[in-house]
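Visitor: My structure is stored as model_37.csv, with CSV, C-alpha atoms.
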```
chain,number,residue,atom,x,y,z
V,1,MET,CA,-26.1,6.1,1.0
V,2,ASP,CA,-27.3,9.6,0.1
V,3,GLU,CA,-24.7,11.2,-2.0
V,4,ASN,CA,-27.0,14.2,-2.6
V,5,ALA,CA,-26.6,15.2,1.1
V,6,GLN,CA,-24.9,18.5,1.7
V,7,ILE,CA,-21.7,18.4,3.7
V,8,GLN,CA,-20.2,21.4,5.5
V,9,ALA,CA,-16.5,21.6,4.8
V,10,LYS,CA,-13.6,23.9,5.5
V,11,PHE,CA,-10.4,23.9,3.4
V,12,PHE,CA,-6.9,24.5,4.6
V,13,THR,CA,-3.4,24.1,3.4
V,14,LYS,CA,0.1,24.4,4.7
V,15,ASP,CA,1.3,25.9,1.4
V,16,GLU,CA,0.6,29.7,1.7
V,17,ARG,CA,0.7,30.1,-2.1
V,18,TYR,CA,-2.6,28.2,-2.4
V,19,SER,CA,-4.5,29.3,0.8
V,20,VAL,CA,-8.2,30.2,0.4
V,21,PRO,CA,-10.6,32.0,2.8
V,22,ASP,CA,-11.3,30.1,6.0
V,23,THR,CA,-15.0,29.9,5.2
V,24,PRO,CA,-17.3,26.8,5.5
V,25,PHE,CA,-18.7,25.6,2.2
V,26,SER,CA,-21.8,23.4,1.6
V,27,ILE,CA,-20.7,20.6,-0.8
V,28,SER,CA,-22.6,17.7,-2.3
V,29,GLY,CA,-21.7,14.3,-1.0
V,30,SER,CA,-21.1,13.1,-4.5
V,31,THR,CA,-18.2,15.5,-5.0
V,32,THR,CA,-14.9,14.0,-6.1
V,33,SER,CA,-11.3,15.1,-5.5
V,34,GLU,CA,-11.2,16.4,-9.1
V,35,GLN,CA,-14.2,18.6,-8.5
V,36,LEU,CA,-12.7,19.8,-5.2
V,37,SER,CA,-9.5,20.7,-7.1
V,38,SER,CA,-11.5,22.7,-9.6
V,39,LEU,CA,-13.3,24.5,-6.7
V,40,ILE,CA,-10.0,25.4,-5.0
V,41,ASN,CA,-8.7,26.8,-8.3
V,42,THR,CA,-11.9,28.9,-8.7
V,43,LEU,CA,-11.4,30.3,-5.2
V,44,LEU,CA,-7.8,31.1,-5.9
V,45,ARG,CA,-8.8,33.0,-9.0
V,46,GLU,CA,-11.4,34.9,-7.2
V,47,SER,CA,-9.0,35.9,-4.4
V,48,SER,CA,-6.4,37.1,-6.9
V,49,SER,CA,-6.7,39.7,-9.6
V,50,GLY,CA,-9.4,37.6,-11.3
V,51,ASP,CA,-7.7,37.5,-14.7
V,52,ALA,CA,-5.5,34.4,-14.1
V,53,GLU,CA,-5.3,32.0,-17.0
V,54,ASN,CA,-6.5,28.4,-16.6
V,55,ASP,CA,-3.4,27.0,-18.3
V,56,GLY,CA,-1.0,25.6,-15.8
V,57,GLU,CA,-3.4,25.6,-12.9
V,58,PRO,CA,-2.3,23.2,-10.1
V,59,THR,CA,-4.2,20.1,-9.2
V,60,PHE,CA,-4.6,19.1,-5.6
V,61,ASP,CA,-4.9,16.0,-3.4
V,62,PHE,CA,-7.2,16.1,-0.4
V,63,LEU,CA,-6.9,14.6,3.0
V,64,ILE,CA,-9.5,14.2,5.7
V,65,ASP,CA,-8.0,13.2,9.1
V,66,GLY,CA,-4.8,12.3,7.3
V,67,GLU,CA,-6.4,10.0,4.8
V,68,LEU,CA,-6.3,10.7,1.1
V,69,LEU,CA,-9.7,11.2,-0.6
V,70,ARG,CA,-9.9,8.6,-3.4
V,71,GLU,CA,-13.7,8.3,-3.7
V,72,THR,CA,-16.6,10.6,-3.4
V,73,LEU,CA,-16.8,12.8,-0.3
V,74,GLN,CA,-19.8,10.9,1.1
V,75,GLU,CA,-18.2,7.5,0.6
V,76,HIS,CA,-15.0,8.6,2.3
V,77,LEU,CA,-16.8,9.9,5.3
V,78,GLU,CA,-18.9,6.8,5.7
V,79,ALA,CA,-15.9,4.5,5.2
V,80,HIS,CA,-13.9,6.2,7.9
V,81,LYS,CA,-16.9,6.8,10.2
V,82,ILE,CA,-16.5,10.6,10.3
V,83,GLN,CA,-19.4,12.5,11.7
V,84,GLN,CA,-21.1,14.5,9.0
V,85,GLU,CA,-23.1,16.7,11.4
V,86,ASN,CA,-19.9,18.7,12.2
V,87,ILE,CA,-17.9,20.8,9.8
V,88,VAL,CA,-15.4,18.6,8.0
V,89,LEU,CA,-11.8,19.9,7.9
V,90,VAL,CA,-10.3,19.1,4.5
V,91,GLU,CA,-6.6,19.6,3.9
V,92,TYR,CA,-5.3,20.0,0.4
V,93,VAL,CA,-1.8,19.7,-1.0
V,94,GLU,CA,-0.5,20.2,-4.5
V,95,LYS,CA,-0.5,16.9,-6.4
V,96,CYS,CA,3.0,15.9,-7.6
V,97,PRO,CA,3.3,14.5,-11.1
V,98,PRO,CA,4.3,10.8,-11.3
V,99,PRO,CA,8.1,10.3,-11.8
V,100,LEU,CA,9.4,9.8,-15.3
V,101,PRO,CA,12.1,7.2,-16.1
V,102,VAL,CA,15.4,8.8,-17.0
V,103,ASP,CA,17.5,5.8,-17.8
V,104,THR,CA,17.5,2.0,-17.6
V,105,LEU,CA,20.3,0.0,-15.9
V,106,VAL,CA,20.2,-3.4,-17.6
V,107,HIS,CA,20.9,-6.5,-15.5
V,108,ASP,CA,21.0,-10.2,-16.6
V,109,ASP,CA,18.6,-11.3,-13.9
V,110,TRP,CA,16.0,-9.9,-11.4
V,111,VAL,CA,17.2,-6.9,-9.5
V,112,SER,CA,16.5,-7.6,-5.8
V,113,ALA,CA,18.4,-4.8,-4.0
V,114,VAL,CA,19.5,-1.2,-4.7
V,115,HIS,CA,21.0,1.6,-2.7
V,116,THR,CA,22.4,5.0,-3.8
V,117,SER,CA,25.0,7.4,-2.4
V,118,ASP,CA,27.3,10.2,-3.6
V,119,ALA,CA,29.6,7.5,-4.8
V,120,GLY,CA,27.1,5.9,-7.2
V,121,ILE,CA,24.4,3.2,-7.4
V,122,LEU,CA,24.8,-0.2,-5.8
V,123,SER,CA,22.6,-3.0,-7.0
V,124,GLY,CA,22.3,-6.8,-6.4
V,125,CYS,CA,20.8,-9.5,-8.5
V,126,TYR,CA,19.3,-13.0,-8.3
V,127,ASP,CA,22.2,-14.2,-10.4
V,128,ASN,CA,24.4,-13.7,-7.3
V,129,SER,CA,26.1,-10.6,-8.8
V,130,LEU,CA,26.7,-7.1,-7.4
V,131,HIS,CA,27.0,-4.1,-9.6
V,132,ILE,CA,28.3,-0.5,-9.1
V,133,TRP,CA,27.0,2.2,-11.5
V,134,ASP,CA,27.8,5.9,-11.7
V,135,HIS,CA,24.9,8.3,-11.7
V,136,ASP,CA,24.9,8.6,-15.5
V,137,GLY,CA,23.9,4.9,-15.7
V,138,THR,CA,27.4,3.6,-16.7
V,139,ARG,CA,28.4,0.3,-15.0
V,140,LYS,CA,31.7,0.6,-13.2
V,141,LEU,CA,32.0,-2.9,-11.9
V,142,LEU,CA,30.3,-6.3,-12.1
V,143,ILE,CA,31.2,-8.2,-8.9
V,144,PRO,CA,30.9,-11.9,-8.2
V,145,GLY,CA,31.4,-13.2,-4.7
V,146,HIS,CA,28.2,-14.7,-3.2
V,147,VAL,CA,27.0,-18.2,-4.0
V,148,GLY,CA,23.3,-17.3,-3.7
V,149,PRO,CA,21.0,-14.5,-4.8
V,150,ILE,CA,21.6,-11.0,-3.4
V,151,LYS,CA,18.9,-9.9,-1.0
V,152,SER,CA,20.1,-6.6,0.3
V,153,VAL,CA,22.9,-4.0,-0.3
V,154,LYS,CA,23.9,-0.9,1.6
V,155,TRP,CA,26.7,1.7,1.3
V,156,VAL,CA,28.5,2.0,4.6
V,157,SER,CA,30.9,4.9,4.0
V,158,VAL,CA,31.9,7.0,1.1
V,159,GLY,CA,35.4,8.4,1.0
V,160,GLU,CA,38.2,9.5,-1.4
V,161,PRO,CA,39.2,7.1,-2.7
V,162,LEU,CA,37.9,4.2,-0.6
V,163,CYS,CA,34.2,3.4,-0.2
V,164,THR,CA,32.8,0.6,1.9
V,165,PHE,CA,29.6,-1.3,1.3
V,166,VAL,CA,27.9,-4.5,2.6
V,167,SER,CA,25.8,-7.1,0.8
V,168,ALA,CA,23.5,-9.8,2.2
V,169,SER,CA,22.6,-13.0,0.4
V,170,LEU,CA,20.5,-16.2,0.3
V,171,ASP,CA,23.8,-18.0,0.9
V,172,GLU,CA,23.5,-17.2,4.7
V,173,THR,CA,26.3,-14.6,4.7
V,174,ALA,CA,26.9,-10.9,4.5
V,175,MET,CA,30.0,-9.5,2.9
V,176,LEU,CA,31.9,-6.3,3.6
V,177,TRP,CA,33.6,-4.8,0.6
V,178,GLN,CA,36.0,-1.9,-0.1
V,179,TRP,CA,36.0,-0.2,-3.5
V,180,ASP,CA,38.9,2.0,-4.6
V,181,ARG,CA,37.3,4.6,-6.8
V,182,ASP,CA,40.6,5.8,-8.3
V,183,LYS,CA,41.6,2.3,-9.3
V,184,ASN,CA,38.0,1.1,-9.9
V,185,ALA,CA,39.0,-2.1,-8.0
V,186,VAL,CA,36.9,-3.9,-5.3
V,187,GLU,CA,38.0,-6.2,-2.6
V,188,SER,CA,36.0,-8.5,-0.3
V,189,VAL,CA,37.5,-7.8,3.1
V,190,GLN,CA,35.1,-9.6,5.5
V,191,ILE,CA,32.7,-12.5,5.2
V,192,CYS,CA,30.1,-12.4,8.0
V,193,ARG,CA,28.9,-15.8,9.1
V,194,GLY,CA,26.5,-16.7,11.8
V,195,HIS,CA,23.0,-16.9,10.3
V,196,ALA,CA,21.4,-20.2,9.6
V,197,ARG,CA,19.1,-19.1,6.8
V,198,SER,CA,18.9,-16.5,4.1
V,199,VAL,CA,20.1,-13.0,5.2
V,200,GLU,CA,17.2,-10.8,4.1
V,201,CYS,CA,18.1,-7.3,5.1
V,202,VAL,CA,21.0,-5.1,6.2
V,203,ASP,CA,21.3,-1.6,7.6
V,204,VAL,CA,24.0,0.7,8.9
V,205,SER,CA,24.2,2.6,12.2
V,206,TRP,CA,24.2,6.4,12.1
V,207,ASP,CA,27.9,6.6,12.9
V,208,LYS,CA,28.9,4.0,10.3
V,209,SER,CA,30.5,1.9,13.0
V,210,TYR,CA,28.2,-1.1,12.8
V,211,PHE,CA,25.7,-2.8,10.6
V,212,ALA,CA,22.8,-5.1,11.4
V,213,THR,CA,21.5,-8.0,9.5
V,214,GLY,CA,18.1,-9.8,9.7
V,215,SER,CA,17.6,-13.3,8.6
V,216,TYR,CA,14.9,-15.9,8.0
V,217,ASP,CA,16.4,-17.7,11.0
V,218,GLN,CA,14.5,-15.1,13.0
V,219,MET,CA,17.7,-13.6,14.3
V,220,LEU,CA,19.1,-10.1,14.2
V,221,LYS,CA,22.9,-9.8,14.3
V,222,VAL,CA,25.2,-6.8,14.8
V,223,TRP,CA,28.6,-6.6,13.1
V,224,SER,CA,31.5,-4.2,13.1
V,225,ALA,CA,31.7,-2.1,10.0
V,226,ASP,CA,35.4,-1.5,10.4
V,227,PRO,CA,37.2,-3.3,7.6
V,228,ASN,CA,40.2,-3.6,9.9
V,229,SER,CA,38.3,-5.2,12.8
V,230,THR,CA,40.0,-8.3,14.3
V,231,GLN,CA,36.7,-10.1,15.2
V,232,TYR,CA,37.6,-13.1,13.1
V,233,ASP,CA,36.5,-16.7,13.2
V,234,GLN,CA,39.8,-18.5,12.9
V,235,ALA,CA,38.3,-21.9,12.5
V,236,ASN,CA,36.2,-20.9,9.5
V,237,ASP,CA,39.2,-19.1,8.0
V,238,GLU,CA,41.2,-22.2,8.1
V,239,SER,CA,38.5,-24.5,6.8
V,240,GLU,CA,39.2,-25.9,3.4
V,241,SER,CA,35.4,-26.3,2.6
V,242,SER,CA,34.8,-22.7,3.6
V,243,ARG,CA,37.4,-21.5,1.3
V,244,LYS,CA,36.0,-23.5,-1.6
V,245,LYS,CA,32.4,-22.4,-0.9
V,246,GLN,CA,32.9,-18.6,-0.9
V,247,LYS,CA,34.3,-17.4,-4.2
V,248,THR,CA,35.7,-14.0,-3.3
V,249,ILE,CA,37.4,-11.6,-5.6
V,250,ASP,CA,41.0,-12.1,-4.3
V,251,GLY,CA,40.7,-14.8,-1.7
V,252,LYS,CA,41.9,-12.5,1.1
V,253,ALA,CA,38.5,-12.1,2.9
V,254,LYS,CA,38.4,-13.2,6.5
V,255,THR,CA,35.4,-14.7,8.2
V,256,ARG,CA,33.8,-12.3,10.7
V,257,VAL,CA,31.6,-13.1,13.7
V,258,PRO,CA,28.9,-10.9,15.2
V,259,VAL,CA,29.7,-8.3,17.8
```
Could I get this structure in the form of structure tokens?

Guide:
Amino acid sequence: MDENAQIQAKFFTKDERYSVPDTPFSISGSTTSEQLSSLINTLLRESSSGDAENDGEPTFDFLIDGELLRETLQEHLEAHKIQQENIVLVEYVEKCPPPLPVDTLVHDDWVSAVHTSDAGILSGCYDNSLHIWDHDGTRKLLIPGHVGPIKSVKWVSVGEPLCTFVSASLDETAMLWQWDRDKNAVESVQICRGHARSVECVDVSWDKSYFATGSYDQMLKVWSADPNSTQYDQANDESESSRKKQKTIDGKAKTRVPV
């Protein structure tokens, strides 16, 4: 590996604020992304009035064929088998600072699922509980219901005052819920049974009419997201053992079968 080799490179960006002349440069193979960022800033100063201050200069990330440059230029080209005899096109983008924590939403156990909407933040825990928070970090509700750890949560629809969301659990069920924002009261309206192992994920269709679940039983199932749907499993609803197993908020939830 000869990192003293000179590599012909052209720089381009989609951000017109930071565009530099479309001219090939001869660059040492040992050059890093930090050195390239310094080079771009030098070129930007030269192409401006020439009296720009160094304070506040942007830093850049660099991509070659869509891959971020995280080592020296020579190492990157060799690792990705890019021909060095040709002019290498190097894209650069302004580097975004890492996110800073704003608040902490404290739970009693490992948080295994989270989803946000205009209505608030929905989270699920390994202590079987669901939580609704407002965007300021204040907990609105702590919700029991499942008898196994929560694996996934998703808002279905957000209205005034009723919001609908779905939760999936290690207890082999998904549950459809309605939250009355005005009363700050939640009701479990449907229990979705049909999986034979933990329900690992859930997502909602674009029109909010259906949701799909995926399970460790290697099955995907599609369910109606309408709280008033009549696709019930009467046998499960009338089963004494089923009623004892699922500890819902008000005991009114009906068992739903897939579409």

Visitor: To one decimal in Å, tell me the separation between CA of Cys96 (chain V) and CA of Phe25 (chain V).

Guide: 25.7 Å

Visitor: So that I can check the surroundings of Glu91 (chain V), please list as JSON, numbers by chain every protein, DNA and RNA residue that reaches within 7 Å of it, counting all atoms listed in the file and ignoring chain neighbours fewer than 3 positions away.

Guide: {"V": [11, 12, 13, 62, 63, 64]}

Visitor: For Leu141 (chain V), list every protein, DNA or RNA residue within 9 Å, evaluated using all atoms listed in the file, and leave out those in the same chain fewer than 5 positions away; present the list as a VMD selection string.

Guide: chain V and resid 130 to 133 184 to 186

Visitor: Calculated over all atoms listed in the file, which of the candidates V:Asn41, V:Val153, V:Pro98, V:Arg70 has the smallest distance to Gly56 (chain V)?

Guide: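 Under the stated criterion, the closest residue is V:Asn41.
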
Visitor: For CA of Ser198 (chain V) and CA of Ser169 (chain V), quote the distance in Å rounded to one decimal.

Guide: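 Between CA of Ser198 (chain V) and CA of Ser169 (chain V) the gap is 6.3 Å.
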
Visitor: Show which residues sit within 9 Å of region 158-161 of chain V, as a ChimeraX atom specification. Count all atoms listed in the file, and ignore same-chain residues fewer than 3 positions away.

Guide: /V:117-119,155,164-165,179-183

Visitor: Looking at all atoms listed in the file, which of V:Pro258, V:Val199, V:Ser205, V:Glu46 is the one that sits closest to Lys221 (chain V)?

Guide: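 Checking each candidate against Lys221 (chain V), we get V:Pro258 as the closest.
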
Visitor: Just the number, please: distance in Å from CA of Asp15 (chain V) to CA of Ile82 (chain V), one decimal.

Guide: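 Atom-to-atom, CA of Asp15 (chain V) to CA of Ile82 (chain V), that is 25.1 Å.
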